[in-house]
Every structure is written in C-alpha cells, then in structure tokens.
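These notes concern the structure reproduced below.
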Amino acid sequence: MSEVLRVEKLEAGYGKFHVLFGVDLTVNSGEIVVLLGPNGAGKSTLLNSIVGMADVYSGRVVLLGRDITGDPPHEVMKMGVAYVMQSPNNFGTPNIFGELTVYENLVAASAGVPREEVGRRIEEVYSIFPKLRDLRDRKAKFLSGGERQMLAIGLGLMKKPKLLMLDEPTAGLAPKLVSDFFIAIRDIRDKLGISILLVEQNARKALEIGDRAYVLVTGRVRYSGGAKSLDEAKLAELFLGG
Ligand SMILES: Nc1ncnc2c1ncn2[C@@H]1O[C@H](COP(=O)(O)OP(=O)(O)OP(=O)(O)O)[C@@H](O)[C@H]1O
C-alpha cells in the first residue's frame, strides 16, 4: 500500500501558542483515516499544518514522497490536496461564490483542469451528490446548509485531489442528511479512489466508514490503529484522559 501522506513528529501551533506535540500520522492510498478528539484537541490545527496554515516548529509533512513542510496553501493544493475547512453552520464557506449557480461554481473551481475534462469531473461530482445536479442552476446563496456543504466538497473534488481532508463535514446537519454524507464520503473513496482524512465529532458513524483512526487529546496522539477496534467505551476513556 503506498503512502499518500506522512506527518512525522509534528510540533505546531500559532505563533507562540503550541498546539501539537510530536504528532505522527499517515494516510495510505485508498484509505479513509478518521481523526477524533475532544474540542480544542488540535484536529483542525493538524489539518492546517499540512496545508501551511499553521506554524510548524519542527517535524515533517510528506505528501506523495515529497517534503511539503511549511509550503504555502496554494502549493499544497496544487500538489493534490483538497481541504474542506470547518465552516460554522456550513455558511461562509470561503470558496463558494453566492452569486454564481452551483454549475458555475463547479466550473470556476476547475481552473487548470483541461477543458475536455471539466464536464467529466462535474459528472463525477453529480454522481457523488445527485442533489447538486438537480440544483445546478440555483445560485449558491440560496442553498441550504447541507447543500452548501455538498457544493464545498464538490468544489474540492474538481481538481481530482490525491488527498481530501474534511473538517467536520456533517456539523450542524439534520440526522437523515448526516447518514447521506457518510455514504457520499465512502463513495468518494470507492468510486473516485481518493484517500480521505476525516475529522468528525460523529465518532460512531465515522468509525463505521473508516479504515484506521487516530485520537488526538491536548495535541498528542492517544490512539492510532484500526477504526473498528475503537468502541465507545475505549473512546470515552481516551477522551477523558483515562
Ligand atoms: N488561528 C488560530 N490562532 C490561535 N489559536 C488558534 C487558532 N486556531 C485554533 N487555535 C487554538 O488552537 C487550539 C486547538 O484548536 P483546534 O481548532 O485545532 O482544535 P480542534 O480539535 O479542531 O477542536 P474542535 O473540535 O473544537 O474544532 C485551541 O485552543 C484553539 O483555540
């Protein structure tokens, strides 16, 4: 199994505020890796560190065999990482243009994609989120929170990333929609072959679709191993620092 991402002994934070302490994590090709942990544990900071949005003090980030430690976000994206950031209530997603339709947003996200490939990529996005096909002509500003989140992920897929990082993609969604999202996330891996690093509060559902999992507590990895070997009792113990 080839390695898509390797984070080694990462020490990172924001300025003097040290958040991550010696974090090791890998994502192999075709894996869904779940990252769990209590609020403020540093999950988003880990994702931010990978794409050059937090300060890395020491350690390494290696993408597809290449050292990308501290590289700026646009460079990391170009190398094949899509990052769908956590977005309060799923609004304010930075790369969605409210005045453009769903279809136009997808086209706008295809900068650099060969022209003849764009239509095919959009079809791939619609195959993962059929709802977006129905909504293709709707302006993004009129989308519901869930629809907007589908579009945010769809935009990330337009570049056909090697690694998709999702930060709490189901936050704030209705329970029925949450299940649909987990199916979609698995489809992205199964149908498009994209490796996924998934941060989730919905631990049980995330572990069902995950291959491996990490639990981060106060900036340190407290568990790494099979997703299926983490039950709720073990998780509670880890979260509470037992
Ligand atoms: N841009 C920033 N500048 C300074 N401190 C930050 C910044 N972003 C996050 N922090 C702090 O870093 C710590 C870790 O936050 P982070 O968002 O990584 O945790 P998290 O595990 O993703 O939490 P949650 O589950 O609540 O989203 C917190 O104490 C937070 O306040």
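In the structure tokens, the first chain shown is A, the next is B, and so on; residue numbers restart at 1 for each chain, and ligands run from 1 in the order shown.
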
>> If the limit is 9 Å from any atom of ligand 1, counting only C-alpha atoms and all ligand atoms, which residues qualify? Return them as a VMD selection string.
In response: chain A and resid 13 to 20 36 to 48 53 to 54 86 167 to 168 199 to 201 216 to 219

I'd like the contact shell of Arg60 in chain A - 6 Å cut-off, only C-alpha atoms, skipping same-chain residues fewer than 3 positions apart - returned as a PDB file with N, CA and C atoms, in the first residue's frame.
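And here is the file that came out, out-v1.pdb:
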ATOM      1  N   VAL A   7       2.882  12.430   8.337  1.00  0.00           N
ATOM      2  CA  VAL A   7       3.207  13.511   9.259  1.00  0.00           C
ATOM      3  C   VAL A   7       4.120  12.898  10.310  1.00  0.00           C
ATOM      4  N   GLU A   8       5.279  13.503  10.516  1.00  0.00           N
ATOM      5  CA  GLU A   8       6.283  12.925  11.421  1.00  0.00           C
ATOM      6  C   GLU A   8       6.649  13.881  12.541  1.00  0.00           C
ATOM      7  N   THR A  69       6.661  20.395   4.121  1.00  0.00           N
ATOM      8  CA  THR A  69       6.565  21.076   5.408  1.00  0.00           C
ATOM      9  C   THR A  69       6.614  22.599   5.231  1.00  0.00           C
TER      10      THR A  69
END

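The coordinates place CA of Glu147 in chain A at 11.6 Å from CA of Ala174 in chain A.
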
- Message: When you look at Gly119 in chain A with a cut-off of 12 Å (counting only C-alpha atoms), what residues show up, excluding the ones that are within fewer than 6 positions of it in the same chain? I need them as a list of chain:residue names.
- Response: A:Tyr103, A:Glu104, A:Leu106, A:Val107, A:Ser110, A:Val113, A:Val125, A:Tyr126, A:Met158

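Taking CA of Leu25 in chain A as the reference point, CA of Leu235 in chain A is found at 18.2 Å.
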
Margin query: Please list as a PyMOL selection string every residue within 9 Å of Lys191 in chain A, counting only C-alpha atoms and excluding residues in the same chain fewer than 4 positions away.
Written below: chain A and resi 124+128+186-187

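Here CA of Ser195 in chain A is placed at a distance of 15.6 Å from CA of Pro169 in chain A.
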
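For Gly65 in chain A, the list of residues within 10 Å, based on only C-alpha atoms and with local chain neighbours fewer than 5 positions off taken out, reads A:Ser2, A:Glu3, A:Val4, A:Leu5, A:Arg6.
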
- Task: List the neighbours of Leu164 in chain A out to 10 Å using only C-alpha atoms; skip same-chain residues closer than 2 positions along the sequence, and give me the result as a PyMOL selection string.
- Result: chain A and resi 32+80-84+153+156-157+160-162+166-167+185+188-189+194-198
